[in-house]
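J.: Take a look at model_35.txt, compact mmCIF, C-alpha atoms:
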```txt
# COMPACT_ATOMS: atom_id res chain seq x y z
CA HIS A 1 -2.01 11.27 10.38
CA GLY A 2 0.52 9.32 12.44
CA VAL A 3 3.55 11.07 10.91
CA THR A 4 5.91 13.55 12.54
CA VAL A 5 7.75 16.11 10.42
CA LYS A 6 11.17 16.58 12.00
CA GLY A 7 11.72 20.13 13.21
CA LEU A 8 8.31 21.51 12.21
CA ASP A 9 4.85 21.66 13.77
CA ASN A 10 1.35 22.42 12.50
CA LEU A 11 1.92 21.43 8.89
CA LEU A 12 -0.68 19.90 6.65
CA VAL A 13 0.46 16.31 6.05
CA ARG A 14 -1.01 14.07 3.38
CA PHE A 15 -0.06 10.65 2.05
CA ALA A 16 0.97 10.34 -1.57
CA ARG A 17 -1.41 8.23 -3.61
CA CYS A 18 1.35 7.07 -5.94
CA CYS A 19 2.96 4.82 -3.32
CA ASN A 20 0.44 4.68 -0.41
CA PRO A 21 2.90 4.51 2.50
CA ILE A 22 1.88 2.53 5.58
CA PRO A 23 3.48 2.32 9.03
CA GLY A 24 6.62 0.24 8.75
CA ASP A 25 7.56 1.59 5.32
CA ASP A 26 10.63 3.83 5.10
CA ILE A 27 9.17 7.27 4.35
CA ILE A 28 10.30 10.69 3.21
CA GLY A 29 8.50 14.04 3.06
CA TYR A 30 8.28 16.47 0.18
CA ILE A 31 7.24 20.07 0.76
CA THR A 32 4.64 20.84 -1.90
CA ARG A 33 3.62 24.21 -3.23
CA GLY A 34 0.54 25.14 -1.22
CA ARG A 35 -0.48 21.66 0.01
CA GLY A 36 1.84 21.05 2.96
CA VAL A 37 4.03 17.97 3.17
CA SER A 38 3.39 14.98 0.95
CA VAL A 39 4.60 11.73 2.54
CA HIS A 40 6.03 9.12 0.15
CA ARG A 41 7.73 5.77 0.50
CA ALA A 42 11.49 6.36 0.42
CA ASP A 43 11.75 4.23 -2.73
CA CYS A 44 8.99 6.13 -4.57
CA GLN A 45 9.92 7.12 -8.12
CA ASN A 46 7.98 10.41 -7.83
CA ILE A 47 10.33 12.10 -5.33
CA PRO A 48 12.92 14.32 -7.04
CA LEU A 49 16.13 13.43 -5.19
CA GLY A 50 18.61 15.07 -7.60
CA GLU A 51 21.75 16.68 -6.27
CA GLY A 52 21.27 20.37 -5.47
CA GLY A 53 18.54 22.50 -7.01
CA GLU A 54 15.26 23.75 -5.61
CA GLU A 55 13.41 20.42 -5.91
CA ALA A 56 16.00 18.44 -3.91
CA GLY A 57 15.84 21.13 -1.20
CA ARG A 58 12.14 20.43 -0.69
CA VAL A 59 12.74 16.92 0.64
CA ILE A 60 12.33 16.75 4.42
CA GLU A 61 12.76 14.05 7.05
CA VAL A 62 9.58 12.50 8.43
CA GLU A 63 8.93 9.52 10.67
CA TRP A 64 6.05 7.40 11.85
CA GLU A 65 4.63 8.14 15.29
CA GLN A 66 4.91 5.23 17.69
CA SER A 67 1.27 4.75 18.69
CA ILE A 68 -0.68 4.81 15.45
CA GLU A 69 -4.26 3.52 15.54
CA ALA A 70 -5.39 4.04 11.95
CA ASN A 71 -6.09 2.11 8.77
CA TYR A 72 -4.33 2.83 5.49
CA SER A 73 -5.51 1.88 2.00
CA VAL A 74 -3.21 -0.51 0.18
CA ASP A 75 -3.71 -1.80 -3.36
CA ILE A 76 -2.66 -5.37 -4.03
CA GLU A 77 -2.72 -7.55 -7.13
CA ILE A 78 -3.29 -11.29 -6.96
CA THR A 79 -2.63 -13.56 -9.92
CA GLY A 80 -3.59 -17.19 -10.15
CA HIS A 81 -5.16 -19.98 -12.16
CA ASP A 82 -8.71 -19.03 -13.09
CA ARG A 83 -11.06 -21.58 -11.57
CA ARG A 84 -14.47 -21.68 -9.98
CA GLY A 85 -14.32 -20.31 -6.43
CA LEU A 86 -10.87 -18.66 -6.59
CA LEU A 87 -12.17 -15.15 -5.87
CA ASN A 88 -14.36 -16.48 -3.06
CA GLU A 89 -11.41 -18.23 -1.42
CA VAL A 90 -9.21 -15.13 -1.70
CA LEU A 91 -11.95 -12.99 -0.13
CA GLN A 92 -12.36 -15.57 2.63
CA ALA A 93 -8.61 -15.48 3.36
CA VAL A 94 -8.70 -11.69 3.69
CA SER A 95 -11.80 -11.87 5.86
CA GLU A 96 -10.19 -14.43 8.18
CA SER A 97 -7.33 -11.99 8.78
CA LYS A 98 -9.90 -9.47 10.08
CA THR A 99 -9.08 -7.03 7.27
CA ASN A 100 -11.61 -4.74 5.63
CA ILE A 101 -11.83 -4.61 1.85
CA SER A 102 -12.80 -1.32 0.24
CA ALA A 103 -12.64 -2.34 -3.45
CA VAL A 104 -12.30 -5.49 -5.55
CA SER A 105 -12.10 -6.07 -9.28
CA GLY A 106 -11.03 -9.05 -11.27
CA ARG A 107 -10.65 -10.44 -14.74
CA SER A 108 -9.32 -13.49 -16.48
CA ASP A 109 -7.80 -14.08 -19.88
CA LYS A 110 -8.11 -16.87 -22.43
CA ASN A 111 -5.08 -18.63 -20.89
CA LYS A 112 -7.02 -19.10 -17.62
CA LEU A 113 -4.93 -16.48 -15.79
CA ALA A 114 -6.99 -14.62 -13.18
CA MET A 115 -5.97 -11.15 -11.98
CA ILE A 116 -7.64 -9.72 -8.90
CA HIS A 117 -7.08 -6.12 -7.82
CA MET A 118 -8.05 -5.38 -4.25
CA THR A 119 -7.88 -2.34 -1.98
CA ILE A 120 -7.60 -3.36 1.65
CA LEU A 121 -7.37 -1.36 4.87
CA ILE A 122 -4.10 -2.10 6.67
CA ARG A 123 -2.75 -1.02 10.08
CA ASN A 124 0.96 -1.46 9.38
CA LEU A 125 3.52 -3.37 7.33
CA GLU A 126 3.32 -6.49 9.51
CA HIS A 127 -0.45 -6.60 9.05
CA LEU A 128 -0.01 -6.34 5.27
CA GLN A 129 2.57 -9.12 5.26
CA SER A 130 0.30 -11.44 7.24
CA VAL A 131 -2.62 -10.81 4.84
CA VAL A 132 -0.38 -11.43 1.82
CA GLU A 133 0.91 -14.70 3.32
CA LYS A 134 -2.65 -15.86 4.01
CA ILE A 135 -3.68 -15.11 0.40
CA LYS A 136 -0.60 -16.93 -0.94
CA ARG A 137 -1.78 -20.10 0.84
CA VAL A 138 -4.95 -20.20 -1.29
CA LYS A 139 -4.77 -23.01 -3.84
CA ASP A 140 -3.90 -21.85 -7.39
CA VAL A 141 -2.65 -18.37 -6.34
CA TYR A 142 0.63 -17.69 -8.15
CA SER A 143 1.60 -14.29 -6.73
CA VAL A 144 0.46 -11.46 -4.50
CA HIS A 145 2.12 -8.05 -4.58
CA ARG A 146 1.56 -4.46 -3.54
CA ILE A 147 0.76 -2.09 -6.41
CA MET A 148 2.69 1.15 -6.81
CA GLN A 149 0.87 3.59 -9.06
```
What does the file become when written as structure tokens?
T.:
Amino acid sequence: HGVTVKGLDNLLVRFARCCNPIPGDDIIGYITRGRGVSVHRADCQNIPLGEGGEEAGRVIEVEWEQSIEANYSVDIEITGHDRRGLLNEVLQAVSESKTNISAVSGRSDKNKLAMIHMTILIRNLEHLQSVVEKIKRVKDVYSVHRIMQ
């Protein structure tokens, strides 16, 4: 998976879907009951970090391996002025950054505010930042941010 659990070998490692960590994010591991180690972003709200107690004792140090050659799903939300061609231009910007898209949905409201949800396949944090910057350059895009579930 591209993650090393400090001090332990041969553990099942899975990425938490609530925060979708990608290389470059600060990460932390949580030893689950029966499903190995769940890797979360360090700022994820779903990790019990309370002082003492059994739950806090299940948190373990993990780190990214240096040579990771994988793609990670990241959900982003784009908001902008609803106009003809906005979605097409956003998709073109993502395509130009040589990034695969695995899902797209969009809607607009009566105030002409468009919201586009997109799942893209990212190699690392720098790749994500470059895609976000490219999308932000599209005319009438107000904001682009990563979605935490």
J.: Can you tell me which residues surround Arg84 of chain A at a distance of at most 12 Å, considering all atoms listed in the file, apart from same-chain residues fewer than 5 positions away, and format the answer as a PyMOL selection string?
T.: chain A and resi 89-90+108+112+114+139-140
J.: What is the atom CA of Ala103 of chain A to atom CA of Gly36 of chain A distance in Å?
T.: 28.2 Å
J.: What residues have an atom no more than 8 Å from (-7.1, -1.2, -1.0) in the file's own frame, counting only C-alpha atoms, and can you write them as JSON, numbers by chain?
T.: {"A": [73, 74, 75, 76, 101, 102, 103, 118, 119, 120, 121]}
J.: Have a look at A:Leu91, A:Met148, A:Leu86, A:Leu8 and name the one nearest to His40 of chain A; count only C-alpha atoms.
T.: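 Of A:Leu91, A:Met148, A:Leu86, A:Leu8, the one nearest His40 of chain A, counting only C-alpha atoms, is A:Met148.
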J.: For Gly29 of chain A, please output as JSON, numbers by chain all residues within 12 Å (counting all atoms listed in the file; exclusion window: fewer than 6 positions along the same chain).
T.: {"A": [3, 4, 5, 6, 8, 11, 12, 13, 14, 15, 16, 21, 36, 37, 38, 39, 40, 41, 42, 43, 44, 46, 47, 48, 49, 56, 57, 58, 59, 60, 61, 62, 63, 64]}
J.: Please dump the current selection as a short mmCIF file (atom, residue, chain, number, x, y, z; two decimals), in the coordinates of the input; keep C-alpha atoms.
T.:
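For reference, out-v8.cif as written:
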```cif
data_model
loop_
_atom_site.label_atom_id
_atom_site.label_comp_id
_atom_site.auth_asym_id
_atom_site.auth_seq_id
_atom_site.Cartn_x
_atom_site.Cartn_y
_atom_site.Cartn_z
CA VAL A 3 3.55 11.07 10.91
CA THR A 4 5.91 13.55 12.54
CA VAL A 5 7.75 16.11 10.42
CA LYS A 6 11.17 16.58 12.00
CA LEU A 8 8.31 21.51 12.21
CA LEU A 11 1.92 21.43 8.89
CA LEU A 12 -0.68 19.90 6.65
CA VAL A 13 0.46 16.31 6.05
CA ARG A 14 -1.01 14.07 3.38
CA PHE A 15 -0.06 10.65 2.05
CA ALA A 16 0.97 10.34 -1.57
CA PRO A 21 2.90 4.51 2.50
CA GLY A 36 1.84 21.05 2.96
CA VAL A 37 4.03 17.97 3.17
CA SER A 38 3.39 14.98 0.95
CA VAL A 39 4.60 11.73 2.54
CA HIS A 40 6.03 9.12 0.15
CA ARG A 41 7.73 5.77 0.50
CA ALA A 42 11.49 6.36 0.42
CA ASP A 43 11.75 4.23 -2.73
CA CYS A 44 8.99 6.13 -4.57
CA ASN A 46 7.98 10.41 -7.83
CA ILE A 47 10.33 12.10 -5.33
CA PRO A 48 12.92 14.32 -7.04
CA LEU A 49 16.13 13.43 -5.19
CA ALA A 56 16.00 18.44 -3.91
CA GLY A 57 15.84 21.13 -1.20
CA ARG A 58 12.14 20.43 -0.69
CA VAL A 59 12.74 16.92 0.64
CA ILE A 60 12.33 16.75 4.42
CA GLU A 61 12.76 14.05 7.05
CA VAL A 62 9.58 12.50 8.43
CA GLU A 63 8.93 9.52 10.67
CA TRP A 64 6.05 7.40 11.85
#
```
J.: When you draw a straight line from atom CA of Gln66 of chain A to atom CA of Val94 of chain A, how long is it in Å?
T.: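 Computing it gives 25.8 Å between the two atoms.
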J.: I need the residue nearest Ile135 of chain A from this list: A:Ile116, A:Arg33, A:Arg107, A:Arg83. Use all atoms listed in the file for the distance.
T.: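 For Ile135 of chain A, the nearest of the candidates is A:Ile116.
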J.: Could you jot down the atom CA of Val131 of chain A to atom CA of Glu96 of chain A separation for me, Å, one decimal place?
T.: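 Calculated distance between atom CA of Val131 of chain A and atom CA of Glu96 of chain A is 9.0 Å.
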J.: Taking into account all atoms listed in the file, which residue in the set A:Leu87, A:Leu125, A:Val132, A:Val144 is nearest to Pro23 of chain A?
T.: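 Among A:Leu87, A:Leu125, A:Val132, A:Val144, it is A:Leu125 that comes nearest to Pro23 of chain A.
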J.: At a cut-off of 7 Å, using all atoms listed in the file, what residues contact His145 of chain A? Leave out same-chain residues fewer than 2 positions from it and give the result as a VMD selection string.
T.: chain A and resid 76 to 78 143 147
J.: Around segment 16-21 of chain A, fit a box with edges along x, y and z, padding it by 3 Å on each side, then list its centre and edge lengths in Å to one decimal as lines of an AutoDock Vina configuration file.
T.:
```
center_x = 0.8
center_y = 7.4
center_z = -1.7
size_x = 10.4
size_y = 11.8
size_z = 14.4
```
J.: When you look at Ala70 of chain A with a cut-off of 9 Å (counting only C-alpha atoms), what residues show up, excluding the ones that are within fewer than 6 positions of it in the same chain? I need them as JSON, numbers by chain.
T.: {"A": [1, 2, 122, 123, 124]}
J.: Name the closest residue to Asp25 of chain A among the candidates A:Tyr72, A:Thr79, A:Val138, A:Ser95; distances are taken between atoms, counting all atoms listed in the file.
T.: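 Of all the options, A:Tyr72 lies closest to Asp25 of chain A.
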J.: Some atoms are absent from segment 29-40 of chain A, so rebuild all heavy atoms and return them as a PDB file, in the frame of the given file.
T.:
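Output file out.pdb is given in full below:
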```
ATOM      1  N   GLY A  29       9.464  12.977   3.305  1.00  0.00           N
ATOM      2  CA  GLY A  29       8.500  14.040   3.060  1.00  0.00           C
ATOM      3  C   GLY A  29       8.950  14.938   1.925  1.00  0.00           C
ATOM      4  O   GLY A  29      10.149  15.089   1.679  1.00  0.00           O
ATOM      5  N   TYR A  30       7.990  15.516   1.258  1.00  0.00           N
ATOM      6  CA  TYR A  30       8.280  16.470   0.180  1.00  0.00           C
ATOM      7  C   TYR A  30       7.384  17.674   0.391  1.00  0.00           C
ATOM      8  O   TYR A  30       6.154  17.545   0.474  1.00  0.00           O
ATOM      9  CB  TYR A  30       7.989  15.813  -1.180  1.00  0.00           C
ATOM     10  CG  TYR A  30       8.298  16.714  -2.343  1.00  0.00           C
ATOM     11  CD1 TYR A  30       9.614  16.945  -2.727  1.00  0.00           C
ATOM     12  CD2 TYR A  30       7.282  17.351  -3.037  1.00  0.00           C
ATOM     13  CE1 TYR A  30       9.899  17.782  -3.793  1.00  0.00           C
ATOM     14  CE2 TYR A  30       7.557  18.190  -4.104  1.00  0.00           C
ATOM     15  CZ  TYR A  30       8.868  18.399  -4.478  1.00  0.00           C
ATOM     16  OH  TYR A  30       9.152  19.234  -5.519  1.00  0.00           O
ATOM     17  N   ILE A  31       7.996  18.840   0.530  1.00  0.00           N
ATOM     18  CA  ILE A  31       7.240  20.070   0.760  1.00  0.00           C
ATOM     19  C   ILE A  31       6.650  20.522  -0.569  1.00  0.00           C
ATOM     20  O   ILE A  31       7.384  20.888  -1.488  1.00  0.00           O
ATOM     21  CB  ILE A  31       8.138  21.172   1.368  1.00  0.00           C
ATOM     22  CG1 ILE A  31       8.744  20.688   2.686  1.00  0.00           C
ATOM     23  CG2 ILE A  31       7.339  22.459   1.564  1.00  0.00           C
ATOM     24  CD1 ILE A  31       9.824  21.590   3.253  1.00  0.00           C
ATOM     25  N   THR A  32       5.326  20.476  -0.658  1.00  0.00           N
ATOM     26  CA  THR A  32       4.640  20.840  -1.900  1.00  0.00           C
ATOM     27  C   THR A  32       4.412  22.336  -1.952  1.00  0.00           C
ATOM     28  O   THR A  32       4.590  23.045  -0.956  1.00  0.00           O
ATOM     29  CB  THR A  32       3.289  20.113  -2.002  1.00  0.00           C
ATOM     30  OG1 THR A  32       2.446  20.573  -0.942  1.00  0.00           O
ATOM     31  CG2 THR A  32       3.455  18.612  -1.920  1.00  0.00           C
ATOM     32  N   ARG A  33       3.970  22.791  -3.076  1.00  0.00           N
ATOM     33  CA  ARG A  33       3.620  24.210  -3.230  1.00  0.00           C
ATOM     34  C   ARG A  33       2.146  24.372  -2.847  1.00  0.00           C
ATOM     35  O   ARG A  33       1.256  24.032  -3.614  1.00  0.00           O
ATOM     36  CB  ARG A  33       3.842  24.654  -4.663  1.00  0.00           C
ATOM     37  CG  ARG A  33       5.301  24.727  -5.034  1.00  0.00           C
ATOM     38  CD  ARG A  33       5.473  25.214  -6.475  1.00  0.00           C
ATOM     39  NE  ARG A  33       6.860  25.476  -6.778  1.00  0.00           N
ATOM     40  CZ  ARG A  33       7.699  24.574  -7.277  1.00  0.00           C
ATOM     41  NH1 ARG A  33       7.280  23.351  -7.530  1.00  0.00           N
ATOM     42  NH2 ARG A  33       8.951  24.899  -7.544  1.00  0.00           N
ATOM     43  N   GLY A  34       1.895  24.831  -1.639  1.00  0.00           N
ATOM     44  CA  GLY A  34       0.540  25.140  -1.220  1.00  0.00           C
ATOM     45  C   GLY A  34      -0.269  24.001  -0.622  1.00  0.00           C
ATOM     46  O   GLY A  34      -1.416  24.199  -0.246  1.00  0.00           O
ATOM     47  N   ARG A  35       0.301  22.776  -0.537  1.00  0.00           N
ATOM     48  CA  ARG A  35      -0.480  21.660   0.010  1.00  0.00           C
ATOM     49  C   ARG A  35       0.253  20.964   1.137  1.00  0.00           C
ATOM     50  O   ARG A  35       0.002  19.788   1.405  1.00  0.00           O
ATOM     51  CB  ARG A  35      -0.815  20.673  -1.088  1.00  0.00           C
ATOM     52  CG  ARG A  35      -1.844  21.218  -2.066  1.00  0.00           C
ATOM     53  CD  ARG A  35      -2.105  20.242  -3.149  1.00  0.00           C
ATOM     54  NE  ARG A  35      -0.863  20.060  -3.902  1.00  0.00           N
ATOM     55  CZ  ARG A  35      -0.649  19.121  -4.782  1.00  0.00           C
ATOM     56  NH1 ARG A  35      -1.570  18.240  -5.039  1.00  0.00           N
ATOM     57  NH2 ARG A  35       0.498  19.034  -5.426  1.00  0.00           N
ATOM     58  N   GLY A  36       1.154  21.629   1.815  1.00  0.00           N
ATOM     59  CA  GLY A  36       1.840  21.050   2.960  1.00  0.00           C
ATOM     60  C   GLY A  36       2.891  20.030   2.569  1.00  0.00           C
ATOM     61  O   GLY A  36       3.540  20.152   1.537  1.00  0.00           O
ATOM     62  N   VAL A  37       3.026  19.002   3.396  1.00  0.00           N
ATOM     63  CA  VAL A  37       4.030  17.970   3.170  1.00  0.00           C
ATOM     64  C   VAL A  37       3.360  16.714   2.644  1.00  0.00           C
ATOM     65  O   VAL A  37       2.402  16.218   3.224  1.00  0.00           O
ATOM     66  CB  VAL A  37       4.793  17.651   4.487  1.00  0.00           C
ATOM     67  CG1 VAL A  37       5.758  16.496   4.291  1.00  0.00           C
ATOM     68  CG2 VAL A  37       5.520  18.883   4.995  1.00  0.00           C
ATOM     69  N   SER A  38       3.873  16.226   1.538  1.00  0.00           N
ATOM     70  CA  SER A  38       3.390  14.980   0.950  1.00  0.00           C
ATOM     71  C   SER A  38       4.339  13.873   1.390  1.00  0.00           C
ATOM     72  O   SER A  38       5.541  13.961   1.198  1.00  0.00           O
ATOM     73  CB  SER A  38       3.382  15.112  -0.571  1.00  0.00           C
ATOM     74  OG  SER A  38       2.938  13.926  -1.167  1.00  0.00           O
ATOM     75  N   VAL A  39       3.796  12.833   2.027  1.00  0.00           N
ATOM     76  CA  VAL A  39       4.600  11.730   2.540  1.00  0.00           C
ATOM     77  C   VAL A  39       4.617  10.597   1.518  1.00  0.00           C
ATOM     78  O   VAL A  39       3.565  10.127   1.081  1.00  0.00           O
ATOM     79  CB  VAL A  39       4.055  11.216   3.892  1.00  0.00           C
ATOM     80  CG1 VAL A  39       4.860  10.029   4.390  1.00  0.00           C
ATOM     81  CG2 VAL A  39       4.063  12.343   4.915  1.00  0.00           C
ATOM     82  N   HIS A  40       5.829  10.185   1.135  1.00  0.00           N
ATOM     83  CA  HIS A  40       6.030   9.120   0.150  1.00  0.00           C
ATOM     84  C   HIS A  40       6.854   8.004   0.763  1.00  0.00           C
ATOM     85  O   HIS A  40       7.600   8.218   1.725  1.00  0.00           O
ATOM     86  CB  HIS A  40       6.829   9.644  -1.056  1.00  0.00           C
ATOM     87  CG  HIS A  40       6.107  10.634  -1.894  1.00  0.00           C
ATOM     88  ND1 HIS A  40       5.470  10.305  -3.060  1.00  0.00           N
ATOM     89  CD2 HIS A  40       5.937  11.977  -1.739  1.00  0.00           C
ATOM     90  CE1 HIS A  40       4.940  11.392  -3.592  1.00  0.00           C
ATOM     91  NE2 HIS A  40       5.204  12.426  -2.802  1.00  0.00           N
TER      92      HIS A  40
END
```
